[in-house]
Amino acid sequence: MTIQQKKRVAVIGAGASGLAAIKECLDERDNIEVVAFEQESFIGGLWRYVEISDENPNPHSSVYKSTIINTSKEIMTFSDFPIPDDWPTYLPNQMVARYFEMYAERFGLKEHIRFQTKVIEIRELKDTGSRWMIRFQKTHTPKLAQEEPAQEEVFDYVMVCTGHHWDPRYPSFPGMDVKNDPEAFTGEQLHSHFYRQADQYRDKIVVVVGFGNSAVDLAVELSMNYSTVYLSSRRPSWVLPRWFMGKPLDHGRTRFSYNIPPRIVQYITTQRLQRILPPVHKNMRPSQKLFEAYPTVNSILPERISTGTIHPMKNIRRLGPGKRVEFEDGSVIENVDSIIYCTGFNVRYPALTPEVLTDGRPGAEERNQAWVWNYMVPPRHPNLAFVGLVQPLGAIMPISEIQSRFLIRILVGKAASLPSAQQMDLEIQETRDRIQRQYYDSPRHTIQVESTPYCDQLAVRIGCYPGWAALVSKYGFWEGTRLWKGSMFGPSTPLQYRLVGPNSSSTALDAVRGHSKPKQD
């Protein structure tokens, strides 16, 4: 009898997505040998606060010191390791990083991670059955990274888990180019990726460009530190509070609500919001209806605007000369000290050839368009997958986890195989057409997903969807029906994906029932 050889899987990155991928590989340790590569000396990826210094002028993480996550702990938790019940509803970045440490310790993930190891090339070896060569270097310090000799190893499968919030995307305004334009803006210009805390902007005039979560959070923080803040946006979006009708905002969109026609949900939610939200400043009125653009979550912005500590402005027309900023409505601000661009990030993976992500489609890279099936698999490269390559309406952690569960089950032959490349192409185009119908055309929306429907469709493929029949079959009529009601009409928590199906968990069941949960150390 032939003993089947284990498949070697490379996981690139040890942030939220990488940790989930490692853990799912370990659940199949009889069939998989997993090796993870992490360029930093710690886990946590984007959620680990890193100071900017001469030694590290461009860290991978974009987290600033006061960052607080905008999804509740019940919605962002990993499915088989509930966040401690006595932790706050919305976690500061330090607690998110600590949770990752607890998760890694619980499942023994660190022993499979090669820290301070940067992947510099991922190349397909077609003559070996489409295996992948990983070329990497040790990076004890940034200065040594160029001196260490590169090493190579071959893997059967690669999971790219490095995210897409690390390569700053800048707008284009006249007067930005200090080197080539004598009339350019002479104050400071930086991307929010390089922002860390508000102290250096005290008593200064700052223009914040953008209207996403980072832009609004930074504007609020700066205004509370005695900065004069102008918030400039090209296309304002809806600003929603963290708490809505007595519960966390993300607890309100239930599975049942996705069975109601979207226009009805949109109308009802809009009417409720208009009753509780303060009047909207003329320069903040969104041009799209609710759910037609990625919303911004911040409970404090309206109050700061109403007190005159944040000044909403139109889009910028021109920067300079000197420290002058002119806006599209003709208004001008003089003596601006700093401009902070909160304008998103490029979707880019330097270790891969661009054709892997874009399928060689002209202009796709510039538009942040990824030609990958179900936000995971390039049709022509089925032995490679992206994990966490989404812009979710919800938390990234449960998405990355269920993506990893799905991919690993296919890899070890416990689920149906992937569609053909031609079928993947058709489904990618259908997804792209749907996104364009729902959202306005923007690089921000090219990888947009709604967390619960997306996770549910993968859960159906895995066999862990918390449907009534499956719950009743496992727990009996009364208990199964009670659990089904909670999953259908209550918050859609990741724990529900461990109630039935492969690798179901009694820990998740206890947490769903509201019984024992891990306690804070």
# chains A, B, ... in the order shown; residues from 1 in each chain; ligands from 1
$ residues_around --residues "region 115-126 of chain A" --least-positions-apart "3" --cutoff "10 Å" --atoms "only C-alpha atoms" --output "PyMOL selection string"
chain A and resi 12-14+36-43+110-112+129-142+145+150-152+154-156+158+160+349-353+356+381+383-384
$ residues_around --residues "region 176-180 of chain A" --least-positions-apart "4" --cutoff "9 Å" --atoms "only C-alpha atoms" --output "NGL selection string"
:A and (172 or 184-186 or 189 or 318-320)
$ select_by_dssp --residues "region 279-412 of chain A" --states "helix (DSSP H, G or I)" --output "MDAnalysis selection string"
chainID A and resid 282:284 301:306 354:358 396:411
$ closest_residue --among "A:Val207, A:Phe78, A:Val297, A:Gly108" --to "Leu222 (chain A)" --atoms "only C-alpha atoms"
A:Val207
$ residues_around --residues "Arg304 (chain A)" --least-positions-apart "5" --cutoff "9 Å" --atoms "only C-alpha atoms" --output "mmCIF file with N, CA, C and O atoms, in the first residue's frame"
data_model
loop_
_atom_site.group_PDB
_atom_site.id
_atom_site.type_symbol
_atom_site.label_atom_id
_atom_site.label_comp_id
_atom_site.auth_asym_id
_atom_site.auth_seq_id
_atom_site.Cartn_x
_atom_site.Cartn_y
_atom_site.Cartn_z
ATOM 1 N N VAL A 220 -11.138 63.440 13.496
ATOM 2 C CA VAL A 220 -11.669 63.559 14.856
ATOM 3 C C VAL A 220 -10.532 63.628 15.869
ATOM 4 O O VAL A 220 -10.529 64.472 16.771
ATOM 5 N N SER A 223 -8.721 66.959 15.706
ATOM 6 C CA SER A 223 -9.540 68.062 16.231
ATOM 7 C C SER A 223 -9.570 68.071 17.750
ATOM 8 O O SER A 223 -9.739 69.122 18.369
ATOM 9 N N MET A 224 -9.401 66.920 18.356
ATOM 10 C CA MET A 224 -9.388 66.829 19.815
ATOM 11 C C MET A 224 -8.028 67.173 20.392
ATOM 12 O O MET A 224 -7.877 67.255 21.609
ATOM 13 N N THR A 309 -15.160 72.332 15.136
ATOM 14 C CA THR A 309 -13.780 71.875 15.315
ATOM 15 C C THR A 309 -13.295 71.051 14.120
ATOM 16 O O THR A 309 -12.103 70.782 14.002
ATOM 17 N N ILE A 310 -14.224 70.624 13.266
ATOM 18 C CA ILE A 310 -13.889 70.025 11.974
ATOM 19 C C ILE A 310 -14.693 70.766 10.914
ATOM 20 O O ILE A 310 -15.906 70.979 11.073
ATOM 21 N N HIS A 311 -14.026 71.146 9.819
ATOM 22 C CA HIS A 311 -14.676 71.912 8.755
ATOM 23 C C HIS A 311 -14.757 71.048 7.497
ATOM 24 O O HIS A 311 -13.739 70.810 6.836
#
$ closest_residue --among "A:Ala20, A:Ile462, A:Ile32, A:Val512" --to "Trp484 (chain A)" --atoms "only C-alpha atoms"
A:Val512
$ closest_residue --among "A:Leu231, A:Ala215, A:Val472, A:Ala385" --to "Leu411 (chain A)" --atoms "only C-alpha atoms"
A:Ala385
$ atom_distance --atom1 "CA of Leu301 (chain A)" --atom2 "CA of Trp238 (chain A)"
11.6 Å
$ residues_around --residues "Thr228 (chain A)" --least-positions-apart "6" --cutoff "7 Å" --atoms "only C-alpha atoms" --output "short mmCIF file (atom, residue, chain, number, x, y, z; two decimals) with C-alpha atoms, in the first residue's frame"
data_model
loop_
_atom_site.label_atom_id
_atom_site.label_comp_id
_atom_site.auth_asym_id
_atom_site.auth_seq_id
_atom_site.Cartn_x
_atom_site.Cartn_y
_atom_site.Cartn_z
CA ASP A 203 -2.04 73.91 17.09
CA LYS A 204 -1.46 73.34 13.36
CA ILE A 205 -3.73 73.65 10.34
CA VAL A 206 -4.30 70.23 8.78
CA THR A 309 -13.78 71.87 15.31
#
$ residues_around --residues "Gly344 (chain A)" --least-positions-apart "4" --cutoff "10 Å" --atoms "only C-alpha atoms" --output "PyMOL selection string"
chain A and resi 164-171+191-193+210+212+214-215+443-444
$ residues_around --residues "Leu273 (chain A)" --least-positions-apart "5" --cutoff "12 Å" --atoms "only C-alpha atoms" --output "number ranges by chain"
A: 238-241, 243-245, 249, 266-268, 278-280, 290
$ write_last_selection --atoms "all heavy atoms" --output "compact mmCIF listing (two decimals), in the first residue's frame"
# COMPACT_ATOMS: atom_id res chain seq x y z
N TRP A 238 -22.13 57.75 3.66
CA TRP A 238 -22.94 57.76 4.87
C TRP A 238 -22.05 57.57 6.09
O TRP A 238 -21.14 56.73 6.09
CB TRP A 238 -23.97 56.65 4.81
CG TRP A 238 -25.13 56.97 3.90
CD1 TRP A 238 -25.15 56.92 2.54
CD2 TRP A 238 -26.43 57.42 4.31
NE1 TRP A 238 -26.37 57.31 2.06
CE2 TRP A 238 -27.19 57.61 3.12
CE3 TRP A 238 -27.02 57.66 5.54
CZ2 TRP A 238 -28.50 58.05 3.15
CZ3 TRP A 238 -28.34 58.08 5.57
CH2 TRP A 238 -29.06 58.28 4.39
N VAL A 239 -22.32 58.34 7.14
CA VAL A 239 -21.60 58.21 8.40
C VAL A 239 -22.54 57.57 9.42
O VAL A 239 -23.58 58.14 9.77
CB VAL A 239 -21.10 59.57 8.92
CG1 VAL A 239 -20.35 59.39 10.24
CG2 VAL A 239 -20.20 60.23 7.89
N LEU A 240 -22.18 56.38 9.87
CA LEU A 240 -23.03 55.61 10.77
C LEU A 240 -22.40 55.52 12.15
O LEU A 240 -21.18 55.48 12.28
CB LEU A 240 -23.25 54.20 10.21
CG LEU A 240 -23.74 54.12 8.76
CD1 LEU A 240 -23.94 52.66 8.35
CD2 LEU A 240 -25.04 54.89 8.58
N PRO A 241 -23.21 55.46 13.20
CA PRO A 241 -22.68 55.33 14.56
C PRO A 241 -22.31 53.90 14.88
O PRO A 241 -22.81 52.95 14.26
CB PRO A 241 -23.85 55.81 15.43
CG PRO A 241 -25.06 55.42 14.63
CD PRO A 241 -24.69 55.60 13.19
N TRP A 243 -23.09 52.37 17.57
CA TRP A 243 -24.27 51.78 18.22
C TRP A 243 -25.52 52.31 17.53
O TRP A 243 -25.64 53.49 17.27
CB TRP A 243 -24.30 52.13 19.71
CG TRP A 243 -23.24 51.41 20.49
CD1 TRP A 243 -21.93 51.76 20.61
CD2 TRP A 243 -23.39 50.20 21.23
NE1 TRP A 243 -21.25 50.85 21.38
CE2 TRP A 243 -22.13 49.89 21.78
CE3 TRP A 243 -24.46 49.36 21.50
CZ2 TRP A 243 -21.91 48.76 22.57
CZ3 TRP A 243 -24.25 48.23 22.28
CH2 TRP A 243 -22.99 47.94 22.82
N PHE A 244 -26.47 51.41 17.26
CA PHE A 244 -27.69 51.78 16.55
C PHE A 244 -28.86 51.02 17.16
O PHE A 244 -28.86 49.79 17.22
CB PHE A 244 -27.55 51.45 15.06
CG PHE A 244 -28.75 51.79 14.23
CD1 PHE A 244 -29.31 53.06 14.27
CD2 PHE A 244 -29.33 50.83 13.40
CE1 PHE A 244 -30.42 53.37 13.49
CE2 PHE A 244 -30.43 51.14 12.62
CZ PHE A 244 -30.97 52.41 12.67
N MET A 245 -29.84 51.77 17.66
CA MET A 245 -31.04 51.20 18.27
C MET A 245 -30.70 50.25 19.43
O MET A 245 -31.25 49.16 19.56
CB MET A 245 -31.90 50.50 17.22
CG MET A 245 -32.37 51.44 16.12
SD MET A 245 -33.54 50.68 14.98
CE MET A 245 -34.98 50.50 16.06
N LEU A 249 -23.76 48.30 15.84
CA LEU A 249 -24.27 48.51 14.48
C LEU A 249 -24.30 47.23 13.67
O LEU A 249 -25.30 46.94 12.98
CB LEU A 249 -23.39 49.56 13.78
CG LEU A 249 -23.74 49.87 12.32
CD1 LEU A 249 -25.08 50.58 12.23
CD2 LEU A 249 -22.64 50.75 11.70
N GLN A 266 -33.07 49.04 2.52
CA GLN A 266 -32.45 50.36 2.35
C GLN A 266 -33.39 51.46 2.82
O GLN A 266 -32.98 52.38 3.56
CB GLN A 266 -32.10 50.56 0.87
CG GLN A 266 -31.39 51.85 0.55
CD GLN A 266 -31.17 51.98 -0.96
OE1 GLN A 266 -32.12 52.15 -1.71
NE2 GLN A 266 -29.92 51.86 -1.39
N TYR A 267 -34.67 51.38 2.43
CA TYR A 267 -35.64 52.42 2.80
C TYR A 267 -35.88 52.44 4.31
O TYR A 267 -35.84 53.51 4.93
CB TYR A 267 -36.96 52.18 2.06
CG TYR A 267 -38.06 53.13 2.48
CD1 TYR A 267 -38.11 54.42 1.97
CD2 TYR A 267 -39.03 52.74 3.40
CE1 TYR A 267 -39.10 55.31 2.36
CE2 TYR A 267 -40.04 53.62 3.79
CZ TYR A 267 -40.07 54.90 3.27
OH TYR A 267 -41.04 55.77 3.66
N ILE A 268 -36.11 51.27 4.90
CA ILE A 268 -36.41 51.20 6.34
C ILE A 268 -35.21 51.70 7.16
O ILE A 268 -35.37 52.50 8.09
CB ILE A 268 -36.77 49.76 6.75
CG1 ILE A 268 -38.12 49.36 6.11
CG2 ILE A 268 -36.86 49.65 8.27
CD1 ILE A 268 -38.47 47.90 6.33
N PRO A 278 -27.90 63.59 13.39
CA PRO A 278 -28.05 65.05 13.31
C PRO A 278 -28.09 65.50 11.86
O PRO A 278 -27.75 64.74 10.94
CB PRO A 278 -26.80 65.57 14.03
CG PRO A 278 -25.80 64.48 13.88
CD PRO A 278 -26.57 63.20 13.90
N PRO A 279 -28.49 66.74 11.60
CA PRO A 279 -28.50 67.26 10.22
C PRO A 279 -27.12 67.14 9.58
O PRO A 279 -26.10 67.31 10.24
CB PRO A 279 -28.92 68.72 10.40
CG PRO A 279 -29.65 68.76 11.71
CD PRO A 279 -29.00 67.73 12.57
N VAL A 280 -27.11 66.87 8.29
CA VAL A 280 -25.86 66.65 7.56
C VAL A 280 -25.38 67.97 6.97
O VAL A 280 -26.14 68.71 6.34
CB VAL A 280 -26.07 65.61 6.44
CG1 VAL A 280 -24.76 65.41 5.66
CG2 VAL A 280 -26.53 64.28 7.03
N LEU A 290 -27.95 54.72 0.82
CA LEU A 290 -27.37 53.79 1.79
C LEU A 290 -27.15 52.43 1.13
O LEU A 290 -28.00 51.95 0.39
CB LEU A 290 -28.29 53.65 2.99
CG LEU A 290 -27.76 52.90 4.21
CD1 LEU A 290 -26.57 53.63 4.81
CD2 LEU A 290 -28.86 52.72 5.25
$ closest_residue --among "A:Ser233, A:Asn315, A:Thr71, A:Ser338" --to "Pro491 (chain A)" --atoms "only C-alpha atoms"
A:Thr71
$ select_by_dssp --residues "region 69-143 of chain A" --states "strand (DSSP E)" --output "ChimeraX atom specification"
/A:113-114,117-125,131-138
$ atom_distance --atom1 "CA of Ser237 (chain A)" --atom2 "CA of Val390 (chain A)"
19.3 Å
$ atom_distance --atom1 "CA of Met488 (chain A)" --atom2 "CA of Thr254 (chain A)"
6.4 Å
$ decode --residues "region 466-501 of chain A" --atoms "N, CA and C atoms" --output "PDB file, in the first residue's frame"
ATOM      1  N   PRO A 466     -25.314  27.005   9.272  1.00  0.00           N
ATOM      2  CA  PRO A 466     -26.224  26.702  10.389  1.00  0.00           C
ATOM      3  C   PRO A 466     -27.689  26.724   9.960  1.00  0.00           C
ATOM      4  N   GLY A 467     -28.061  25.851   9.036  1.00  0.00           N
ATOM      5  CA  GLY A 467     -29.445  25.760   8.583  1.00  0.00           C
ATOM      6  C   GLY A 467     -30.307  24.975   9.553  1.00  0.00           C
ATOM      7  N   TRP A 468     -31.606  25.122   9.411  1.00  0.00           N
ATOM      8  CA  TRP A 468     -32.533  24.498  10.366  1.00  0.00           C
ATOM      9  C   TRP A 468     -32.399  22.985  10.357  1.00  0.00           C
ATOM     10  N   ALA A 469     -32.382  22.358   9.193  1.00  0.00           N
ATOM     11  CA  ALA A 469     -32.341  20.900   9.110  1.00  0.00           C
ATOM     12  C   ALA A 469     -31.070  20.350   9.759  1.00  0.00           C
ATOM     13  N   ALA A 470     -29.932  20.972   9.483  1.00  0.00           N
ATOM     14  CA  ALA A 470     -28.671  20.493  10.051  1.00  0.00           C
ATOM     15  C   ALA A 470     -28.651  20.665  11.564  1.00  0.00           C
ATOM     16  N   LEU A 471     -29.149  21.777  12.059  1.00  0.00           N
ATOM     17  CA  LEU A 471     -29.152  22.022  13.504  1.00  0.00           C
ATOM     18  C   LEU A 471     -30.099  21.074  14.227  1.00  0.00           C
ATOM     19  N   VAL A 472     -31.278  20.845  13.656  1.00  0.00           N
ATOM     20  CA  VAL A 472     -32.246  19.930  14.278  1.00  0.00           C
ATOM     21  C   VAL A 472     -31.714  18.505  14.259  1.00  0.00           C
ATOM     22  N   SER A 473     -31.058  18.119  13.150  1.00  0.00           N
ATOM     23  CA  SER A 473     -30.510  16.767  13.054  1.00  0.00           C
ATOM     24  C   SER A 473     -29.464  16.516  14.137  1.00  0.00           C
ATOM     25  N   LYS A 474     -28.682  17.541  14.475  1.00  0.00           N
ATOM     26  CA  LYS A 474     -27.608  17.339  15.447  1.00  0.00           C
ATOM     27  C   LYS A 474     -28.064  17.560  16.884  1.00  0.00           C
ATOM     28  N   TYR A 475     -28.934  18.555  17.100  1.00  0.00           N
ATOM     29  CA  TYR A 475     -29.255  18.952  18.476  1.00  0.00           C
ATOM     30  C   TYR A 475     -30.683  18.638  18.903  1.00  0.00           C
ATOM     31  N   GLY A 476     -31.462  18.055  18.026  1.00  0.00           N
ATOM     32  CA  GLY A 476     -32.845  17.793  18.361  1.00  0.00           C
ATOM     33  C   GLY A 476     -33.745  18.954  17.972  1.00  0.00           C
ATOM     34  N   PHE A 477     -35.074  18.683  17.952  1.00  0.00           N
ATOM     35  CA  PHE A 477     -36.004  19.675  17.413  1.00  0.00           C
ATOM     36  C   PHE A 477     -35.981  20.986  18.191  1.00  0.00           C
ATOM     37  N   TRP A 478     -36.138  20.942  19.507  1.00  0.00           N
ATOM     38  CA  TRP A 478     -36.292  22.189  20.262  1.00  0.00           C
ATOM     39  C   TRP A 478     -34.989  22.980  20.341  1.00  0.00           C
ATOM     40  N   GLU A 479     -33.901  22.290  20.681  1.00  0.00           N
ATOM     41  CA  GLU A 479     -32.618  22.994  20.779  1.00  0.00           C
ATOM     42  C   GLU A 479     -32.147  23.449  19.398  1.00  0.00           C
ATOM     43  N   GLY A 480     -32.321  22.605  18.403  1.00  0.00           N
ATOM     44  CA  GLY A 480     -31.913  22.973  17.048  1.00  0.00           C
ATOM     45  C   GLY A 480     -32.704  24.163  16.519  1.00  0.00           C
ATOM     46  N   THR A 481     -33.992  24.172  16.806  1.00  0.00           N
ATOM     47  CA  THR A 481     -34.823  25.297  16.365  1.00  0.00           C
ATOM     48  C   THR A 481     -34.427  26.586  17.079  1.00  0.00           C
ATOM     49  N   ARG A 482     -34.114  26.468  18.371  1.00  0.00           N
ATOM     50  CA  ARG A 482     -33.689  27.659  19.115  1.00  0.00           C
ATOM     51  C   ARG A 482     -32.386  28.218  18.559  1.00  0.00           C
ATOM     52  N   LEU A 483     -31.425  27.334  18.259  1.00  0.00           N
ATOM     53  CA  LEU A 483     -30.169  27.783  17.677  1.00  0.00           C
ATOM     54  C   LEU A 483     -30.389  28.391  16.288  1.00  0.00           C
ATOM     55  N   TRP A 484     -31.306  27.812  15.519  1.00  0.00           N
ATOM     56  CA  TRP A 484     -31.588  28.336  14.178  1.00  0.00           C
ATOM     57  C   TRP A 484     -32.199  29.735  14.265  1.00  0.00           C
ATOM     58  N   LYS A 485     -33.114  29.940  15.197  1.00  0.00           N
ATOM     59  CA  LYS A 485     -33.708  31.271  15.355  1.00  0.00           C
ATOM     60  C   LYS A 485     -32.638  32.310  15.691  1.00  0.00           C
ATOM     61  N   GLY A 486     -31.713  31.917  16.571  1.00  0.00           N
ATOM     62  CA  GLY A 486     -30.643  32.850  16.911  1.00  0.00           C
ATOM     63  C   GLY A 486     -29.765  33.179  15.724  1.00  0.00           C
ATOM     64  N   SER A 487     -29.482  32.179  14.890  1.00  0.00           N
ATOM     65  CA  SER A 487     -28.616  32.418  13.737  1.00  0.00           C
ATOM     66  C   SER A 487     -29.342  33.179  12.626  1.00  0.00           C
ATOM     67  N   MET A 488     -30.665  33.044  12.560  1.00  0.00           N
ATOM     68  CA  MET A 488     -31.424  33.704  11.496  1.00  0.00           C
ATOM     69  C   MET A 488     -31.828  35.128  11.876  1.00  0.00           C
ATOM     70  N   PHE A 489     -32.212  35.352  13.121  1.00  0.00           N
ATOM     71  CA  PHE A 489     -32.750  36.649  13.518  1.00  0.00           C
ATOM     72  C   PHE A 489     -31.830  37.437  14.453  1.00  0.00           C
ATOM     73  N   GLY A 490     -30.757  36.819  14.913  1.00  0.00           N
ATOM     74  CA  GLY A 490     -29.789  37.517  15.749  1.00  0.00           C
ATOM     75  C   GLY A 490     -28.553  37.869  14.949  1.00  0.00           C
ATOM     76  N   PRO A 491     -27.526  38.387  15.608  1.00  0.00           N
ATOM     77  CA  PRO A 491     -26.286  38.719  14.893  1.00  0.00           C
ATOM     78  C   PRO A 491     -25.656  37.479  14.277  1.00  0.00           C
ATOM     79  N   SER A 492     -25.110  37.639  13.082  1.00  0.00           N
ATOM     80  CA  SER A 492     -24.491  36.516  12.361  1.00  0.00           C
ATOM     81  C   SER A 492     -23.044  36.391  12.813  1.00  0.00           C
ATOM     82  N   THR A 493     -22.822  35.633  13.849  1.00  0.00           N
ATOM     83  CA  THR A 493     -21.481  35.516  14.414  1.00  0.00           C
ATOM     84  C   THR A 493     -20.736  34.341  13.793  1.00  0.00           C
ATOM     85  N   PRO A 494     -19.412  34.430  13.664  1.00  0.00           N
ATOM     86  CA  PRO A 494     -18.630  33.315  13.119  1.00  0.00           C
ATOM     87  C   PRO A 494     -18.773  32.023  13.916  1.00  0.00           C
ATOM     88  N   LEU A 495     -19.098  32.130  15.215  1.00  0.00           N
ATOM     89  CA  LEU A 495     -19.249  30.932  16.035  1.00  0.00           C
ATOM     90  C   LEU A 495     -20.296  29.988  15.466  1.00  0.00           C
ATOM     91  N   GLN A 496     -21.275  30.527  14.743  1.00  0.00           N
ATOM     92  CA  GLN A 496     -22.347  29.695  14.193  1.00  0.00           C
ATOM     93  C   GLN A 496     -21.849  28.731  13.128  1.00  0.00           C
ATOM     94  N   TYR A 497     -20.676  28.995  12.555  1.00  0.00           N
ATOM     95  CA  TYR A 497     -20.118  28.091  11.552  1.00  0.00           C
ATOM     96  C   TYR A 497     -19.395  26.899  12.178  1.00  0.00           C
ATOM     97  N   ARG A 498     -19.424  26.811  13.506  1.00  0.00           N
ATOM     98  CA  ARG A 498     -18.851  25.653  14.196  1.00  0.00           C
ATOM     99  C   ARG A 498     -19.921  24.835  14.915  1.00  0.00           C
ATOM    100  N   LEU A 499     -21.183  25.133  14.660  1.00  0.00           N
ATOM    101  CA  LEU A 499     -22.257  24.377  15.305  1.00  0.00           C
ATOM    102  C   LEU A 499     -22.483  23.032  14.638  1.00  0.00           C
ATOM    103  N   VAL A 500     -22.319  22.977  13.317  1.00  0.00           N
ATOM    104  CA  VAL A 500     -22.519  21.739  12.564  1.00  0.00           C
ATOM    105  C   VAL A 500     -21.378  21.595  11.562  1.00  0.00           C
ATOM    106  N   GLY A 501     -21.302  20.413  10.968  1.00  0.00           N
ATOM    107  CA  GLY A 501     -20.326  20.206   9.915  1.00  0.00           C
ATOM    108  C   GLY A 501     -18.964  19.818  10.427  1.00  0.00           C
TER     109      GLY A 501
END
